[in-house]
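Chemist: Sharing work-v6.pdb, PDB, C-alpha atoms and all ligand atoms:
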```pdb
ATOM      1  CA  MET A  17       3.207 -22.863   0.826  1.00  0.00           C
ATOM      2  CA  GLN A  18       1.661 -19.724   2.271  1.00  0.00           C
ATOM      3  CA  LEU A  19       3.689 -16.613   2.983  1.00  0.00           C
ATOM      4  CA  ASP A  20       3.034 -13.326   4.734  1.00  0.00           C
ATOM      5  CA  PRO A  21       5.056 -10.620   2.892  1.00  0.00           C
ATOM      6  CA  GLU A  22       5.593  -8.785   6.183  1.00  0.00           C
ATOM      7  CA  THR A  23       7.742 -11.707   7.388  1.00  0.00           C
ATOM      8  CA  LEU A  24       9.924 -11.775   4.256  1.00  0.00           C
ATOM      9  CA  ALA A  25      13.070  -9.832   3.426  1.00  0.00           C
ATOM     10  CA  LEU A  26      12.496  -7.099   0.810  1.00  0.00           C
ATOM     11  CA  ARG A  27      14.551  -8.933  -1.797  1.00  0.00           C
ATOM     12  CA  ASP A  28      12.578 -12.168  -1.282  1.00  0.00           C
ATOM     13  CA  ARG A  29       9.281 -10.333  -1.796  1.00  0.00           C
ATOM     14  CA  TYR A  30      10.659  -8.904  -5.026  1.00  0.00           C
ATOM     15  CA  LEU A  31      11.846 -12.332  -6.196  1.00  0.00           C
ATOM     16  CA  LEU A  32       8.399 -13.835  -5.608  1.00  0.00           C
ATOM     17  CA  MET A  33       6.785 -11.081  -7.656  1.00  0.00           C
ATOM     18  CA  ILE A  34       9.096 -11.252 -10.662  1.00  0.00           C
ATOM     19  CA  ALA A  35       8.842 -15.058 -10.739  1.00  0.00           C
ATOM     20  CA  THR A  36       5.038 -15.079 -10.746  1.00  0.00           C
ATOM     21  CA  ILE A  37       3.789 -11.942 -12.535  1.00  0.00           C
ATOM     22  CA  LEU A  38       4.496 -13.251 -16.017  1.00  0.00           C
ATOM     23  CA  PRO A  39       5.256 -12.322 -18.688  1.00  0.00           C
ATOM     24  CA  ARG A  40       5.795  -8.603 -18.220  1.00  0.00           C
ATOM     25  CA  PRO A  41       5.881  -6.175 -21.148  1.00  0.00           C
ATOM     26  CA  ILE A  42       8.907  -3.915 -21.194  1.00  0.00           C
ATOM     27  CA  ALA A  43       8.728  -0.132 -21.364  1.00  0.00           C
ATOM     28  CA  TRP A  44      11.968   1.241 -22.757  1.00  0.00           C
ATOM     29  CA  VAL A  45      11.767   4.688 -21.180  1.00  0.00           C
ATOM     30  CA  ALA A  46      13.664   7.687 -22.516  1.00  0.00           C
ATOM     31  CA  THR A  47      13.929  10.930 -20.593  1.00  0.00           C
ATOM     32  CA  VAL A  48      16.108  14.005 -20.715  1.00  0.00           C
ATOM     33  CA  SER A  49      17.794  15.886 -17.876  1.00  0.00           C
ATOM     34  CA  PRO A  50      17.056  19.603 -17.474  1.00  0.00           C
ATOM     35  CA  ASP A  51      20.346  20.382 -19.225  1.00  0.00           C
ATOM     36  CA  GLY A  52      19.492  18.144 -22.165  1.00  0.00           C
ATOM     37  CA  ILE A  53      21.348  14.860 -21.521  1.00  0.00           C
ATOM     38  CA  PRO A  54      19.292  11.851 -22.717  1.00  0.00           C
ATOM     39  CA  ASN A  55      18.656   8.812 -20.508  1.00  0.00           C
ATOM     40  CA  LEU A  56      17.285   5.433 -21.536  1.00  0.00           C
ATOM     41  CA  ALA A  57      16.350   2.421 -19.348  1.00  0.00           C
ATOM     42  CA  PRO A  58      13.923  -0.540 -19.378  1.00  0.00           C
ATOM     43  CA  PHE A  59      11.085  -1.103 -16.886  1.00  0.00           C
ATOM     44  CA  SER A  60       8.867  -4.180 -16.803  1.00  0.00           C
ATOM     45  CA  PHE A  61       6.504  -3.101 -14.050  1.00  0.00           C
ATOM     46  CA  PHE A  62       4.635  -1.482 -16.943  1.00  0.00           C
ATOM     47  CA  THR A  63       1.142  -1.481 -18.356  1.00  0.00           C
ATOM     48  CA  GLY A  64      -1.527   0.536 -20.108  1.00  0.00           C
ATOM     49  CA  ILE A  65      -4.294   1.996 -17.943  1.00  0.00           C
ATOM     50  CA  CYS A  66      -7.011   3.454 -20.154  1.00  0.00           C
ATOM     51  CA  ALA A  67      -7.784   5.014 -23.528  1.00  0.00           C
ATOM     52  CA  ASN A  68      -9.716   8.091 -22.387  1.00  0.00           C
ATOM     53  CA  PRO A  69      -7.286   9.754 -22.038  1.00  0.00           C
ATOM     54  CA  MET A  70      -4.742   7.337 -23.491  1.00  0.00           C
ATOM     55  CA  THR A  71      -2.654   6.574 -20.399  1.00  0.00           C
ATOM     56  CA  VAL A  72       0.227   4.262 -19.466  1.00  0.00           C
ATOM     57  CA  CYS A  73       2.174   3.647 -16.271  1.00  0.00           C
ATOM     58  CA  PHE A  74       5.425   2.085 -15.124  1.00  0.00           C
ATOM     59  CA  ALA A  75       7.185   1.793 -11.790  1.00  0.00           C
ATOM     60  CA  PRO A  76      10.827   2.682 -11.174  1.00  0.00           C
ATOM     61  CA  VAL A  77      11.568   1.351  -7.688  1.00  0.00           C
ATOM     62  CA  ASN A  78      14.171   2.912  -5.408  1.00  0.00           C
ATOM     63  CA  ASP A  79      17.462   1.027  -5.353  1.00  0.00           C
ATOM     64  CA  ARG A  80      18.618  -0.970  -2.331  1.00  0.00           C
ATOM     65  CA  ASN A  81      20.009   2.228  -0.769  1.00  0.00           C
ATOM     66  CA  GLY A  82      16.709   4.026  -1.229  1.00  0.00           C
ATOM     67  CA  LYS A  83      18.095   6.129  -4.102  1.00  0.00           C
ATOM     68  CA  LYS A  84      15.841   7.197  -6.985  1.00  0.00           C
ATOM     69  CA  LYS A  85      16.615   5.902 -10.478  1.00  0.00           C
ATOM     70  CA  ASP A  86      17.841   8.447 -13.034  1.00  0.00           C
ATOM     71  CA  THR A  87      14.651   8.016 -15.064  1.00  0.00           C
ATOM     72  CA  LEU A  88      12.523   9.085 -12.108  1.00  0.00           C
ATOM     73  CA  ILE A  89      14.791  12.036 -11.293  1.00  0.00           C
ATOM     74  CA  ASN A  90      14.433  13.318 -14.871  1.00  0.00           C
ATOM     75  CA  ILE A  91      10.665  12.819 -14.977  1.00  0.00           C
ATOM     76  CA  GLU A  92      10.219  14.685 -11.701  1.00  0.00           C
ATOM     77  CA  LEU A  93      12.235  17.584 -13.130  1.00  0.00           C
ATOM     78  CA  THR A  94      10.995  17.669 -16.731  1.00  0.00           C
ATOM     79  CA  LYS A  95       7.545  15.945 -16.619  1.00  0.00           C
ATOM     80  CA  GLN A  96       8.046  14.120 -19.928  1.00  0.00           C
ATOM     81  CA  PHE A  97       9.101  10.663 -21.162  1.00  0.00           C
ATOM     82  CA  THR A  98       8.798   8.324 -24.119  1.00  0.00           C
ATOM     83  CA  VAL A  99       8.042   4.602 -23.947  1.00  0.00           C
ATOM     84  CA  SER A 100       9.382   2.434 -26.770  1.00  0.00           C
ATOM     85  CA  ILE A 101       8.375  -1.194 -27.192  1.00  0.00           C
ATOM     86  CA  VAL A 102      11.026  -3.895 -26.907  1.00  0.00           C
ATOM     87  CA  ASN A 103      11.139  -6.736 -29.424  1.00  0.00           C
ATOM     88  CA  GLU A 104      13.432  -9.629 -30.354  1.00  0.00           C
ATOM     89  CA  GLN A 105      15.525  -7.410 -32.610  1.00  0.00           C
ATOM     90  CA  ASN A 106      16.341  -4.745 -30.011  1.00  0.00           C
ATOM     91  CA  ALA A 107      16.485  -6.951 -26.865  1.00  0.00           C
ATOM     92  CA  GLU A 108      20.254  -6.924 -26.434  1.00  0.00           C
ATOM     93  CA  LYS A 109      20.505  -3.166 -26.776  1.00  0.00           C
ATOM     94  CA  MET A 110      17.632  -2.782 -24.299  1.00  0.00           C
ATOM     95  CA  ASN A 111      19.502  -4.995 -21.836  1.00  0.00           C
ATOM     96  CA  GLN A 112      22.662  -2.911 -22.173  1.00  0.00           C
ATOM     97  CA  THR A 113      20.719   0.224 -21.219  1.00  0.00           C
ATOM     98  CA  SER A 114      19.784  -1.388 -17.881  1.00  0.00           C
ATOM     99  CA  ALA A 115      23.409  -1.277 -16.664  1.00  0.00           C
ATOM    100  CA  PRO A 116      23.926   0.976 -13.626  1.00  0.00           C
ATOM    101  CA  TYR A 117      25.383   3.975 -15.456  1.00  0.00           C
ATOM    102  CA  ALA A 118      25.925   7.131 -13.398  1.00  0.00           C
ATOM    103  CA  TYR A 119      23.452  10.010 -13.671  1.00  0.00           C
ATOM    104  CA  GLY A 120      24.307  12.070 -16.739  1.00  0.00           C
ATOM    105  CA  VAL A 121      25.533   9.130 -18.851  1.00  0.00           C
ATOM    106  CA  ASN A 122      23.731   8.870 -22.208  1.00  0.00           C
ATOM    107  CA  GLU A 123      22.611   5.229 -22.555  1.00  0.00           C
ATOM    108  CA  PHE A 124      21.658   5.775 -26.214  1.00  0.00           C
ATOM    109  CA  GLU A 125      25.382   6.190 -26.897  1.00  0.00           C
ATOM    110  CA  LYS A 126      26.515   3.420 -24.533  1.00  0.00           C
ATOM    111  CA  ALA A 127      24.196   0.819 -26.098  1.00  0.00           C
ATOM    112  CA  GLY A 128      24.379   2.015 -29.706  1.00  0.00           C
ATOM    113  CA  VAL A 129      20.686   2.932 -29.782  1.00  0.00           C
ATOM    114  CA  THR A 130      19.576   5.503 -32.362  1.00  0.00           C
ATOM    115  CA  PRO A 131      17.688   8.485 -30.890  1.00  0.00           C
ATOM    116  CA  LEU A 132      14.842   9.923 -32.952  1.00  0.00           C
ATOM    117  CA  PRO A 133      13.302  13.292 -32.110  1.00  0.00           C
ATOM    118  CA  SER A 134       9.792  13.257 -30.678  1.00  0.00           C
ATOM    119  CA  VAL A 135       7.041  15.456 -32.073  1.00  0.00           C
ATOM    120  CA  LYS A 136       5.489  17.008 -28.956  1.00  0.00           C
ATOM    121  CA  ILE A 137       8.061  16.531 -26.186  1.00  0.00           C
ATOM    122  CA  ARG A 138      11.827  16.834 -25.603  1.00  0.00           C
ATOM    123  CA  PRO A 139      12.882  13.229 -24.836  1.00  0.00           C
ATOM    124  CA  PHE A 140      13.990  11.151 -27.806  1.00  0.00           C
ATOM    125  CA  ARG A 141      12.383   7.860 -28.795  1.00  0.00           C
ATOM    126  CA  VAL A 142      14.104   4.695 -30.012  1.00  0.00           C
ATOM    127  CA  LYS A 143      14.502   4.268 -33.750  1.00  0.00           C
ATOM    128  CA  GLU A 144      15.045   0.499 -33.359  1.00  0.00           C
ATOM    129  CA  SER A 145      11.585   0.085 -31.739  1.00  0.00           C
ATOM    130  CA  PRO A 146       8.477  -0.693 -33.815  1.00  0.00           C
ATOM    131  CA  VAL A 147       6.234   1.405 -31.538  1.00  0.00           C
ATOM    132  CA  SER A 148       6.798   4.455 -29.323  1.00  0.00           C
ATOM    133  CA  TYR A 149       4.586   6.593 -27.124  1.00  0.00           C
ATOM    134  CA  GLU A 150       5.264  10.226 -26.252  1.00  0.00           C
ATOM    135  CA  CYS A 151       4.020  10.892 -22.701  1.00  0.00           C
ATOM    136  CA  GLU A 152       3.412  13.880 -20.439  1.00  0.00           C
ATOM    137  CA  LEU A 153       3.573  13.154 -16.721  1.00  0.00           C
ATOM    138  CA  GLN A 154       0.145  13.053 -15.162  1.00  0.00           C
ATOM    139  CA  GLN A 155       0.964  11.857 -11.656  1.00  0.00           C
ATOM    140  CA  ILE A 156       3.541  10.021  -9.561  1.00  0.00           C
ATOM    141  CA  VAL A 157       2.065   7.797  -6.861  1.00  0.00           C
ATOM    142  CA  ARG A 158       4.578   7.051  -4.075  1.00  0.00           C
ATOM    143  CA  ILE A 159       4.272   3.608  -2.561  1.00  0.00           C
ATOM    144  CA  GLY A 160       6.337   2.940   0.564  1.00  0.00           C
ATOM    145  CA  GLU A 161       9.608   4.577   1.572  1.00  0.00           C
ATOM    146  CA  GLY A 162      13.289   3.739   1.298  1.00  0.00           C
ATOM    147  CA  ALA A 163      14.862   0.648  -0.291  1.00  0.00           C
ATOM    148  CA  LEU A 164      12.779  -0.980  -3.067  1.00  0.00           C
ATOM    149  CA  ALA A 165       9.876   1.368  -2.434  1.00  0.00           C
ATOM    150  CA  GLY A 166       7.820   2.195  -5.499  1.00  0.00           C
ATOM    151  CA  ASN A 167       7.061   5.212  -7.630  1.00  0.00           C
ATOM    152  CA  LEU A 168       4.183   4.627 -10.003  1.00  0.00           C
ATOM    153  CA  VAL A 169       4.689   7.017 -12.910  1.00  0.00           C
ATOM    154  CA  ILE A 170       1.449   7.682 -14.772  1.00  0.00           C
ATOM    155  CA  GLY A 171       1.709   9.364 -18.160  1.00  0.00           C
ATOM    156  CA  LYS A 172      -0.783  10.701 -20.659  1.00  0.00           C
ATOM    157  CA  VAL A 173       0.078   9.657 -24.197  1.00  0.00           C
ATOM    158  CA  VAL A 174       0.276  12.808 -26.304  1.00  0.00           C
ATOM    159  CA  TYR A 175       1.601  11.213 -29.503  1.00  0.00           C
ATOM    160  CA  PHE A 176       1.847   7.679 -30.902  1.00  0.00           C
ATOM    161  CA  HIS A 177       4.374   6.295 -33.381  1.00  0.00           C
ATOM    162  CA  CYS A 178       4.540   2.960 -35.147  1.00  0.00           C
ATOM    163  CA  ALA A 179       6.343   1.665 -38.198  1.00  0.00           C
ATOM    164  CA  ASP A 180       4.292   2.266 -41.364  1.00  0.00           C
ATOM    165  CA  SER A 181       4.624  -1.415 -42.219  1.00  0.00           C
ATOM    166  CA  LEU A 182       2.759  -2.359 -39.010  1.00  0.00           C
ATOM    167  CA  TYR A 183      -0.237  -0.110 -39.422  1.00  0.00           C
ATOM    168  CA  ASN A 184      -3.154  -1.276 -41.519  1.00  0.00           C
ATOM    169  CA  ASP A 185      -6.337   0.792 -41.405  1.00  0.00           C
ATOM    170  CA  GLY A 186      -6.138   1.393 -37.631  1.00  0.00           C
ATOM    171  CA  LYS A 187      -5.041  -2.115 -36.816  1.00  0.00           C
ATOM    172  CA  ILE A 188      -1.696  -3.576 -35.778  1.00  0.00           C
ATOM    173  CA  ARG A 189      -1.042  -7.332 -35.777  1.00  0.00           C
ATOM    174  CA  HIS A 190       0.894  -8.497 -32.707  1.00  0.00           C
ATOM    175  CA  GLN A 191       2.596 -11.107 -34.941  1.00  0.00           C
ATOM    176  CA  ASP A 192       4.392  -8.267 -36.745  1.00  0.00           C
ATOM    177  CA  ILE A 193       5.848  -6.649 -33.609  1.00  0.00           C
ATOM    178  CA  HIS A 194       7.775  -9.647 -32.211  1.00  0.00           C
ATOM    179  CA  ALA A 195       7.504  -8.122 -28.737  1.00  0.00           C
ATOM    180  CA  ILE A 196       9.282  -9.854 -25.899  1.00  0.00           C
ATOM    181  CA  GLY A 197       8.298 -10.166 -22.241  1.00  0.00           C
ATOM    182  CA  ARG A 198      10.380 -10.249 -19.092  1.00  0.00           C
ATOM    183  CA  MET A 199      10.343 -13.344 -16.936  1.00  0.00           C
ATOM    184  CA  GLU A 200      12.394 -13.819 -13.753  1.00  0.00           C
ATOM    185  CA  GLY A 201      16.153 -13.471 -13.491  1.00  0.00           C
ATOM    186  CA  ALA A 202      17.738 -13.174 -16.924  1.00  0.00           C
ATOM    187  CA  TRP A 203      14.851 -14.953 -18.708  1.00  0.00           C
ATOM    188  CA  TYR A 204      12.683 -13.452 -21.427  1.00  0.00           C
ATOM    189  CA  THR A 205       9.886 -14.835 -23.556  1.00  0.00           C
ATOM    190  CA  ARG A 206       8.947 -14.370 -27.199  1.00  0.00           C
ATOM    191  CA  THR A 207       5.321 -13.747 -28.198  1.00  0.00           C
ATOM    192  CA  ASN A 208       5.107 -16.085 -31.195  1.00  0.00           C
ATOM    193  CA  ASP A 209       3.141 -18.801 -29.374  1.00  0.00           C
ATOM    194  CA  ALA A 210      -0.128 -16.867 -29.033  1.00  0.00           C
ATOM    195  CA  PHE A 211      -3.613 -18.413 -29.158  1.00  0.00           C
ATOM    196  CA  GLU A 212      -7.076 -16.941 -29.679  1.00  0.00           C
ATOM    197  CA  LEU A 213      -9.907 -16.986 -27.133  1.00  0.00           C
ATOM    198  CA  PRO A 214     -12.872 -14.880 -28.307  1.00  0.00           C
ATOM    199  CA  ARG A 215     -14.836 -13.059 -25.606  1.00  0.00           C
ATOM    200  CA  PRO A 216     -18.009 -14.938 -24.622  1.00  0.00           C
ATOM    201  CA  GLU A 217     -21.582 -13.675 -24.673  1.00  0.00           C
ATOM    202  CA  ALA A 218     -23.250 -13.274 -21.259  1.00  0.00           C
ATOM    203  CA  SER A 219     -25.353 -16.370 -20.721  1.00  0.00           C
TER     204      SER A 219
HETATM  205  C1  LIG A 301      13.979  -6.068 -18.732  1.00  0.00           C
HETATM  206  C2  LIG A 301      14.227  -5.203 -17.538  1.00  0.00           C
HETATM  207  C3  LIG A 301      13.148  -4.723 -16.806  1.00  0.00           C
HETATM  208  C4  LIG A 301      13.355  -3.897 -15.690  1.00  0.00           C
HETATM  209  N1  LIG A 301      12.266  -3.453 -14.990  1.00  0.00           N
HETATM  210  C5  LIG A 301      12.433  -2.611 -13.955  1.00  0.00           C
HETATM  211  C6  LIG A 301      11.302  -2.109 -13.250  1.00  0.00           C
HETATM  212  O1  LIG A 301      10.135  -2.389 -13.565  1.00  0.00           O
HETATM  213  N2  LIG A 301      11.538  -1.246 -12.223  1.00  0.00           N
HETATM  214  C7  LIG A 301      12.794  -0.868 -11.877  1.00  0.00           C
HETATM  215  O2  LIG A 301      12.946  -0.051 -10.965  1.00  0.00           O
HETATM  216  N3  LIG A 301      13.890  -1.319 -12.530  1.00  0.00           N
HETATM  217  C8  LIG A 301      13.739  -2.182 -13.555  1.00  0.00           C
HETATM  218  N4  LIG A 301      14.833  -2.649 -14.238  1.00  0.00           N
HETATM  219  C9  LIG A 301      16.167  -2.167 -13.863  1.00  0.00           C
HETATM  220  C10 LIG A 301      16.473  -0.782 -14.476  1.00  0.00           C
HETATM  221  O3  LIG A 301      16.413  -0.838 -15.897  1.00  0.00           O
HETATM  222  C11 LIG A 301      17.893  -0.350 -14.038  1.00  0.00           C
HETATM  223  O4  LIG A 301      17.884  -0.144 -12.648  1.00  0.00           O
HETATM  224  C12 LIG A 301      18.385   0.883 -14.764  1.00  0.00           C
HETATM  225  O5  LIG A 301      19.762   1.074 -14.458  1.00  0.00           O
HETATM  226  C13 LIG A 301      17.659   2.138 -14.393  1.00  0.00           C
HETATM  227  O6  LIG A 301      18.220   3.176 -15.148  1.00  0.00           O
HETATM  228  P1  LIG A 301      18.170   4.713 -14.760  1.00  0.00           P
HETATM  229  O7  LIG A 301      18.851   4.876 -13.401  1.00  0.00           O
HETATM  230  O8  LIG A 301      18.905   5.368 -15.870  1.00  0.00           O
HETATM  231  O9  LIG A 301      16.734   5.115 -14.678  1.00  0.00           O
HETATM  232  C14 LIG A 301      14.678  -3.523 -15.309  1.00  0.00           C
HETATM  233  C15 LIG A 301      15.767  -4.022 -16.044  1.00  0.00           C
HETATM  234  C16 LIG A 301      15.551  -4.868 -17.129  1.00  0.00           C
HETATM  235  C17 LIG A 301      16.723  -5.407 -17.905  1.00  0.00           C
END
```
Just give me the structure of the file as structure tokens.

Modeler:
Amino acid sequence: MQLDPETLALRDRYLLMIATILPRPIAWVATVSPDGIPNLAPFSFFTGICANPMTVCFAPVNDRNGKKKDTLINIELTKQFTVSIVNEQNAEKMNQTSAPYAYGVNEFEKAGVTPLPSVKIRPFRVKESPVSYECELQQIVRIGEGALAGNLVIGKVVYFHCADSLYNDGKIRHQDIHAIGRMEGAWYTRTNDAFELPRPEAS
């Protein structure tokens, strides 16, 4: 099968991507509106970019009517967000925060998630997460226009949190995080089936 995206409906392009870019880590992104109302939602078009400066990105797409997600609206207005890591223990709460709540609804309260104050920025982070990043907006890259168009949010990490029990002399073992990844549809994967493949020498 060979397909030209230009000939496909927008939704079908999206379905191909989420079924084949696997597994995707999940950024649980907390923001705050200018008048102080917290917002929390998951995003799996998410990755790290570089360590100098420590930088991450995620992509809230416009909805099918071309409307911006609440997370993006808040970041445009306040320039700050936190990313908390999703694991097996907090998966169901994460999922609840993805419901289409109206702008101004506090998803921490709706999903029973505990907000913890950040150190350098206003948005809260998630107490139930083993790892959180505090981020200042560096840039938003607009990709396309209208329905399902993208907004790549790039953030500089200004503070890092992890559970004391995870951190051992600068190292964190992935086996202790129990992170989950997003697959397609309503499927997720655990990360307890990892294998090692040391980097080769040039030969
Ligand atoms: C695991 C998971 C991953 C998601 N990833 C994305 C994503 O990468 N981009 C996106 O626009 N929406 C994604 N969503 C949907 C948003 O979480 C959902 O639209 C949410 O209501 C947005 O909230 P907000 O309007 O408060 O920002 C995802 C949902 C789930 C459950």

Chemist: One decimal, Å: what's the distance from atom CA of A:Ile34 over to atom CA of A:Glu108, could you say?

Modeler: 19.8 Å

Chemist: What are the closest atom pairs, with distances in Å to one decimal, for all residues of chain A lying within 6 Å of ligand LIG 301 (chain A)? Consider only C-alpha atoms and all ligand atoms, order rows by chain and residue number, and present the result as JSON lines.

Modeler:
```
{"residue": "A:Asn55", "atom": "CA", "partner": "A:LIG301", "partner_atom": "O8", "distance": 5.8}
{"residue": "A:Leu56", "atom": "CA", "partner": "A:LIG301", "partner_atom": "O8", "distance": 5.9}
{"residue": "A:Ala57", "atom": "CA", "partner": "A:LIG301", "partner_atom": "O6", "distance": 4.7}
{"residue": "A:Pro58", "atom": "CA", "partner": "A:LIG301", "partner_atom": "O3", "distance": 4.3}
{"residue": "A:Phe59", "atom": "CA", "partner": "A:LIG301", "partner_atom": "N1", "distance": 3.2}
{"residue": "A:Ser60", "atom": "CA", "partner": "A:LIG301", "partner_atom": "O1", "distance": 3.9}
{"residue": "A:Phe61", "atom": "CA", "partner": "A:LIG301", "partner_atom": "O1", "distance": 3.7}
{"residue": "A:Ala75", "atom": "CA", "partner": "A:LIG301", "partner_atom": "N2", "distance": 5.3}
{"residue": "A:Pro76", "atom": "CA", "partner": "A:LIG301", "partner_atom": "O2", "distance": 3.5}
{"residue": "A:Val77", "atom": "CA", "partner": "A:LIG301", "partner_atom": "O2", "distance": 3.8}
{"residue": "A:Lys85", "atom": "CA", "partner": "A:LIG301", "partner_atom": "O7", "distance": 3.8}
{"residue": "A:Asp86", "atom": "CA", "partner": "A:LIG301", "partner_atom": "O7", "distance": 3.7}
{"residue": "A:Thr87", "atom": "CA", "partner": "A:LIG301", "partner_atom": "O9", "distance": 3.6}
{"residue": "A:Asn111", "atom": "CA", "partner": "A:LIG301", "partner_atom": "C17", "distance": 4.8}
{"residue": "A:Ser114", "atom": "CA", "partner": "A:LIG301", "partner_atom": "O3", "distance": 3.9}
{"residue": "A:Ala115", "atom": "CA", "partner": "A:LIG301", "partner_atom": "O5", "distance": 4.9}
{"residue": "A:Pro116", "atom": "CA", "partner": "A:LIG301", "partner_atom": "O5", "distance": 4.2}
{"residue": "A:Arg198", "atom": "CA", "partner": "A:LIG301", "partner_atom": "C1", "distance": 5.5}
```

Chemist: Residues near stretch 149-156 of chain A, anyone? I mean within 6 Å using all atoms listed in the file, not counting same-chain ones fewer than 2 positions away, as a PDB file with C-alpha atoms, in the coordinates of the input.

Modeler:
```pdb
ATOM      1  CA  LYS A  95       7.545  15.945 -16.619  1.00  0.00           C
ATOM      2  CA  GLN A  96       8.046  14.120 -19.928  1.00  0.00           C
ATOM      3  CA  PHE A  97       9.101  10.663 -21.162  1.00  0.00           C
ATOM      4  CA  THR A  98       8.798   8.324 -24.119  1.00  0.00           C
ATOM      5  CA  VAL A  99       8.042   4.602 -23.947  1.00  0.00           C
ATOM      6  CA  LEU A 168       4.183   4.627 -10.003  1.00  0.00           C
ATOM      7  CA  VAL A 169       4.689   7.017 -12.910  1.00  0.00           C
ATOM      8  CA  ILE A 170       1.449   7.682 -14.772  1.00  0.00           C
ATOM      9  CA  GLY A 171       1.709   9.364 -18.160  1.00  0.00           C
ATOM     10  CA  LYS A 172      -0.783  10.701 -20.659  1.00  0.00           C
ATOM     11  CA  VAL A 173       0.078   9.657 -24.197  1.00  0.00           C
ATOM     12  CA  VAL A 174       0.276  12.808 -26.304  1.00  0.00           C
ATOM     13  CA  TYR A 175       1.601  11.213 -29.503  1.00  0.00           C
ATOM     14  CA  PHE A 176       1.847   7.679 -30.902  1.00  0.00           C
TER      15      PHE A 176
END
```

Chemist: So the first atom is atom CA of A:Val129 and the second is atom CA of A:Pro54; what is the distance between them in Å, to one decimal place?

Modeler: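 Answer for the atom CA of A:Val129 to atom CA of A:Pro54 separation: 11.5 Å.
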
Chemist: I'd like the interatomic distance between atom CA of A:Glu125 and atom CA of A:Ile193, to a tenth of an Å.

Modeler: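 Atom CA of A:Ile193 lies at a distance of 24.3 Å from atom CA of A:Glu125.
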
Chemist: Taking the file above as input, evaluate the PyMOL selection byres (((chain A and resi 84) around 12) and not hetatm) and report the hits as a ChimeraX atom specification.

Modeler: /A:75-83,85-92,118-119,158,161-167

Chemist: Can I get the selection written as a short mmCIF file (atom, residue, chain, number, x, y, z; two decimals), keeping the file's coordinate frame, with C-alpha atoms?

Modeler:
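The new file part_0.cif reads:
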```cif
data_model
loop_
_atom_site.label_atom_id
_atom_site.label_comp_id
_atom_site.auth_asym_id
_atom_site.auth_seq_id
_atom_site.Cartn_x
_atom_site.Cartn_y
_atom_site.Cartn_z
CA ALA A 75 7.18 1.79 -11.79
CA PRO A 76 10.83 2.68 -11.17
CA VAL A 77 11.57 1.35 -7.69
CA ASN A 78 14.17 2.91 -5.41
CA ASP A 79 17.46 1.03 -5.35
CA ARG A 80 18.62 -0.97 -2.33
CA ASN A 81 20.01 2.23 -0.77
CA GLY A 82 16.71 4.03 -1.23
CA LYS A 83 18.10 6.13 -4.10
CA LYS A 85 16.61 5.90 -10.48
CA ASP A 86 17.84 8.45 -13.03
CA THR A 87 14.65 8.02 -15.06
CA LEU A 88 12.52 9.09 -12.11
CA ILE A 89 14.79 12.04 -11.29
CA ASN A 90 14.43 13.32 -14.87
CA ILE A 91 10.66 12.82 -14.98
CA GLU A 92 10.22 14.68 -11.70
CA ALA A 118 25.92 7.13 -13.40
CA TYR A 119 23.45 10.01 -13.67
CA ARG A 158 4.58 7.05 -4.08
CA GLU A 161 9.61 4.58 1.57
CA GLY A 162 13.29 3.74 1.30
CA ALA A 163 14.86 0.65 -0.29
CA LEU A 164 12.78 -0.98 -3.07
CA ALA A 165 9.88 1.37 -2.43
CA GLY A 166 7.82 2.19 -5.50
CA ASN A 167 7.06 5.21 -7.63
#
```

Chemist: For A:Cys178, which residue out of A:Pro146, A:Pro133, A:Gly64, A:Gly197 is the nearest one, using only C-alpha atoms?

Modeler: A:Pro146

Chemist: Measuring between all atoms listed in the file, which one of A:Arg27, A:His177, A:Lys187, A:Lys109 shows the shortest distance to A:Val135?

Modeler: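 Ranked by minimum distance to A:Val135, first place goes to A:His177.
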
Chemist: Which one is closest to A:Asn208: A:Glu22, A:Asp28, A:Asp180, A:Asp192? Count only C-alpha atoms.

Modeler: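 Closest to A:Asn208, using only C-alpha atoms: A:Asp192.
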
Chemist: Pick the closest to A:Thr94 from A:Cys66, A:Val121, A:Val48, A:Ile53: which is it, counting all atoms listed in the file?

Modeler: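 Of all the options, A:Val48 lies closest to A:Thr94.
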
Chemist: Work out where the centre of an axis-aligned box around every listed atom of stretch 93-103 of chain A lies and how long its edges are once 3 Å is added on each side; give both in Å to one decimal as AutoDock Vina command-line options.

Modeler:
```
--center_x 9.9 --center_y 5.5 --center_z -21.3 --size_x 10.7 --size_y 30.4 --size_z 22.3
```

Chemist: Here's the selection I'm unsure about, the PyMOL selection byres (((chain A and resi 40) around 12) and not hetatm); applied to the file above, which residues does it give, as an MDAnalysis selection string?

Modeler: chainID A and resid 33:39 41:43 58:64 74 101:102 195:200 203:207

Chemist: Could you check which of A:Ala202, A:Trp44, A:Ser49, A:Arg215 is closest to A:Lys143, using only C-alpha atoms?

Modeler: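 Of all the options, A:Trp44 lies closest to A:Lys143.
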
Chemist: Using all atoms listed in the file, which residue out of A:Gly128, A:Arg189, A:Ser219, A:Ser100 lies closest to A:Gln112?

Modeler: A:Gly128
